[in-house]
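Everything below concerns the one structure shown next.
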Amino acid sequence: MANPPNVREPETRESAARVAAQRPGTHRSWAETREQLRAAATTEPGRLWIIGTVVALLVVAFGGVTAWEISDRSAAASDVVNRSQPLSADAASIYRSLADADTAAASGFLAGGQEPLDVRKRYDTDIATASRLRVKAAANTTGSAESAQQIAILNEQLPLYNGLVEQARANNRQGFPVGGAYLRFANQKMSTSLLPAAQKLYEAETGRLYDDYDEADTWPYAATALGLVALGGLVWVQRRNYLRTNRVFNHGLLAATAASTVVLLWLVVGHAVASSDLSTSRTHGQESLKVLNDARISSLQARANENLTLVARGAVLNDSGKDKGKDLYETSFTKEMASLSDQLGAAVKLADDSAGKVPVQKAKDDMTAWQGRHTAARRTDDSGDYDGALTQVIGAKGSTGECFDQVDQALDSAIAHEQHEFTTAASDGRGALTGLPLGAAVLGVLAAAGAGVGISRRLAEYR
């Protein structure tokens, strides 16, 4: 009789699973893990182990995400104090120094061949300050293409401007009328190249400052959500423990809950305080500084145009617009004074104490006196008395120059006060986050350890 063919017995479900589990590969590992978890979940010790693992991971994740998010906010707050705001202030100082140099050059030219030493010193100081700050800006504005482009323009154009001013001085000392043309050309280069580049640099650095403000002020949503979930999980575990054992406290879980609560409260309160202080520094510090810097620049440009009105003697006219045919420098002076008036009004509203309001109000009063004296000087010049008008503009007493100096000094005082206000509030905001990243990480680990100890005590009861 022939031997029957080899017929393989049908495998049972258990043997098939066993064979599949013996096959190598990732699928086998996941299948084993899934089966183990499913089996563990059918027993109370297994469920406790799973619950403990999940809770421990939650509190560790909470501490880690809190440390990560707050580290970013703290770094942004530090950048506001130590990098972006100082760079913005330096860019404003570059603009102010250039505008003041242009004003000093025109004032010295009007004084005649023998330029006053204090005016010459003022010009040289302004050029040196602008040169030093643009080098500093070039070293610190890494990563900003816009800032790098404007600094390159300043590097190229400032020596050319300085050379034109020296040509104007040399011709003025010899009594050559061409000196006035050189000075007007220098002013044109300042107005069309240097000051626009400085303005764009200031806007770029101020934009980076506001970006840092926004980053520091962004609420840590992920950390807050994880904190609430972790606390909710800990409360649920303890309630479950109470319902099953009738024990009110589990010391390990209670310690984990306390640690997580401390981190969450520290996160919420610390970030809220930091946000409030940074907001104060922005509103009553940086915004005031921006308006005051703009006002100072307007006053400097107004003064330069006032001087150039006498230098040009009506030779430069507007060639377009509603002011076509009118003296270019006189119409520019009027526009800058209108801007100055608006900016001083805004600065008074932003000032939040008398120390900030008083110098701005004084600047407004001096500006009003300046406008009155300017009107008188223009009447004198229009009547043909050039020397009389010159005295009314650059004279030591009772001149528009005296009013301008008083406006500039008052604005300098206001800027110093608002800079102090900014530094104090922004530093307080940064300080409110100090220690939170490290504290959150440490407390997160301690909370996880506490949860592990609490769950292990329950597991020990089943041995």
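In the structure tokens, the first chain shown is A, the next is B, and so on; residue numbers restart at 1 for each chain, and ligands run from 1 in the order shown.
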
For Leu87 of chain A, please output as a PyMOL selection string all residues within 8 Å (counting only C-alpha atoms; exclusion window: fewer than 6 positions along the same chain). chain A and resi 137+140-141+205

Residues of segment 42-160 of chain A within 12 Å of segment 244-260 of chain A: nearest atom pair and distance (Å, one decimal) for each, counting only C-alpha atoms, sorted by chain and number, as a Markdown table?
| residue | atom | partner | partner_atom | distance |
| --- | --- | --- | --- | --- |
| A:Glu44 | CA | A:Arg244 | CA | 10.5 |
| A:Leu48 | CA | A:Arg244 | CA | 11.8 |
| A:Ile51 | CA | A:Leu253 | CA | 11.8 |
| A:Gly52 | CA | A:Leu253 | CA | 9.7 |
| A:Val55 | CA | A:Ala256 | CA | 9.6 |
| A:Ala56 | CA | A:Ala256 | CA | 9.0 |
| A:Leu58 | CA | A:Ser260 | CA | 10.2 |
| A:Val59 | CA | A:Ser260 | CA | 7.0 |
| A:Val60 | CA | A:Ser260 | CA | 9.6 |
| A:Ala61 | CA | A:Ser260 | CA | 11.1 |
| A:Phe62 | CA | A:Ser260 | CA | 8.2 |
| A:Gly63 | CA | A:Ser260 | CA | 8.2 |
| A:Gly64 | CA | A:Ser260 | CA | 11.9 |
| A:Thr66 | CA | A:Ser260 | CA | 11.1 |

Show which residues sit within 12 Å of Gln301 of chain A, as a PyMOL selection string. Count only C-alpha atoms, and ignore same-chain residues fewer than 2 positions away. chain A and resi 95-104+106+187+190-191+195+294-299+303-308+329-340+404+408

Selected residues, N, CA and C atoms, written as a compact mmCIF listing (two decimals), in the first residue's frame, please.
# COMPACT_ATOMS: atom_id res chain seq x y z
N TYR A 95 22.05 108.61 13.09
CA TYR A 95 21.22 109.59 12.38
C TYR A 95 21.37 110.97 13.01
N ARG A 96 21.26 111.02 14.34
CA ARG A 96 21.35 112.31 15.03
C ARG A 96 22.71 112.95 14.82
N SER A 97 23.78 112.16 14.88
CA SER A 97 25.14 112.70 14.71
C SER A 97 25.33 113.25 13.31
N LEU A 98 24.81 112.53 12.31
CA LEU A 98 24.94 113.01 10.93
C LEU A 98 24.15 114.30 10.72
N ALA A 99 22.92 114.33 11.23
CA ALA A 99 22.11 115.53 11.08
C ALA A 99 22.74 116.71 11.82
N ASP A 100 23.29 116.44 13.00
CA ASP A 100 23.93 117.51 13.77
C ASP A 100 25.20 118.00 13.09
N ALA A 101 25.94 117.08 12.47
CA ALA A 101 27.15 117.47 11.74
C ALA A 101 26.79 118.40 10.59
N ASP A 102 25.70 118.09 9.90
CA ASP A 102 25.26 118.93 8.78
C ASP A 102 24.86 120.32 9.29
N THR A 103 24.20 120.34 10.44
CA THR A 103 23.82 121.62 11.05
C THR A 103 25.05 122.43 11.45
N ALA A 104 26.03 121.76 12.07
CA ALA A 104 27.25 122.44 12.50
C ALA A 104 28.05 122.96 11.31
N ALA A 106 26.87 123.97 8.41
CA ALA A 106 26.20 125.18 7.91
C ALA A 106 26.41 126.36 8.85
N ASN A 187 25.21 119.13 1.58
CA ASN A 187 23.90 118.96 2.20
C ASN A 187 23.00 118.06 1.36
N MET A 190 24.02 114.60 2.02
CA MET A 190 23.53 114.21 3.34
C MET A 190 22.04 113.88 3.28
N SER A 191 21.27 114.70 2.60
CA SER A 191 19.81 114.56 2.56
C SER A 191 19.34 113.39 1.70
N LEU A 195 21.45 110.42 5.28
CA LEU A 195 20.33 110.37 6.22
C LEU A 195 19.31 109.29 5.86
N ASP A 294 12.84 110.89 16.93
CA ASP A 294 12.30 111.52 15.73
C ASP A 294 12.20 113.03 15.89
N ALA A 295 11.79 113.47 17.09
CA ALA A 295 11.68 114.91 17.34
C ALA A 295 13.05 115.58 17.28
N ARG A 296 14.04 114.93 17.83
CA ARG A 296 15.38 115.51 17.81
C ARG A 296 15.92 115.61 16.40
N ILE A 297 15.66 114.59 15.60
CA ILE A 297 16.09 114.61 14.20
C ILE A 297 15.37 115.73 13.44
N SER A 298 14.07 115.90 13.69
CA SER A 298 13.32 116.98 13.03
C SER A 298 13.89 118.34 13.39
N SER A 299 14.25 118.53 14.67
CA SER A 299 14.80 119.82 15.08
C SER A 299 16.15 120.06 14.42
N ARG A 303 17.00 123.04 11.79
CA ARG A 303 18.10 123.98 12.00
C ARG A 303 19.02 124.03 10.79
N ALA A 304 19.34 122.86 10.21
CA ALA A 304 20.20 122.84 9.02
C ALA A 304 19.55 123.60 7.87
N ASN A 305 18.25 123.40 7.67
CA ASN A 305 17.55 124.13 6.59
C ASN A 305 17.50 125.62 6.86
N GLU A 306 17.34 126.00 8.13
CA GLU A 306 17.34 127.43 8.47
C GLU A 306 18.67 128.07 8.12
N ASN A 307 19.77 127.37 8.44
CA ASN A 307 21.09 127.92 8.11
C ASN A 307 21.31 127.98 6.61
N LEU A 308 20.89 126.93 5.90
CA LEU A 308 21.10 126.89 4.46
C LEU A 308 20.25 127.91 3.72
N TYR A 329 14.84 125.58 1.07
CA TYR A 329 15.24 125.37 2.46
C TYR A 329 14.22 125.97 3.42
N GLU A 330 13.60 127.05 3.04
CA GLU A 330 12.59 127.66 3.92
C GLU A 330 11.35 126.77 4.01
N THR A 331 10.92 126.22 2.89
CA THR A 331 9.75 125.32 2.94
C THR A 331 10.08 124.04 3.70
N SER A 332 11.31 123.56 3.56
CA SER A 332 11.73 122.37 4.31
C SER A 332 11.77 122.66 5.80
N PHE A 333 12.23 123.86 6.16
CA PHE A 333 12.24 124.26 7.57
C PHE A 333 10.81 124.23 8.14
N THR A 334 9.87 124.78 7.40
CA THR A 334 8.48 124.84 7.86
C THR A 334 7.92 123.43 8.07
N LYS A 335 8.21 122.52 7.15
CA LYS A 335 7.72 121.15 7.28
C LYS A 335 8.34 120.45 8.49
N GLU A 336 9.64 120.64 8.69
CA GLU A 336 10.29 119.97 9.82
C GLU A 336 9.79 120.52 11.16
N MET A 337 9.51 121.79 11.23
CA MET A 337 8.98 122.37 12.47
C MET A 337 7.57 121.86 12.76
N ALA A 338 6.78 121.66 11.70
CA ALA A 338 5.44 121.09 11.89
C ALA A 338 5.54 119.66 12.42
N SER A 339 6.49 118.89 11.87
CA SER A 339 6.71 117.52 12.36
C SER A 339 7.18 117.54 13.80
N LEU A 340 8.07 118.47 14.12
CA LEU A 340 8.58 118.59 15.49
C LEU A 340 7.46 118.87 16.46
N PHE A 404 17.37 126.73 19.41
CA PHE A 404 17.64 125.37 18.95
C PHE A 404 18.46 124.60 19.97
N ASP A 408 17.38 121.18 21.86
CA ASP A 408 18.21 119.98 21.79
C ASP A 408 18.59 119.47 23.19

Pick from A:Leu328, A:Ala76, A:Leu350, A:Leu209 nearest to Leu289 of chain A, counting only C-alpha atoms: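 So, comparing all the options, the nearest one is A:Leu350.
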
Need the shell around Leu438 of chain A: protein/DNA/RNA residues with any atom at most 12 Å away, counting only C-alpha atoms. Skip same-chain ones fewer than 4 positions apart. Format as a PyMOL selection string? chain A and resi 63-71+74+263+266-267+433-434+442-445
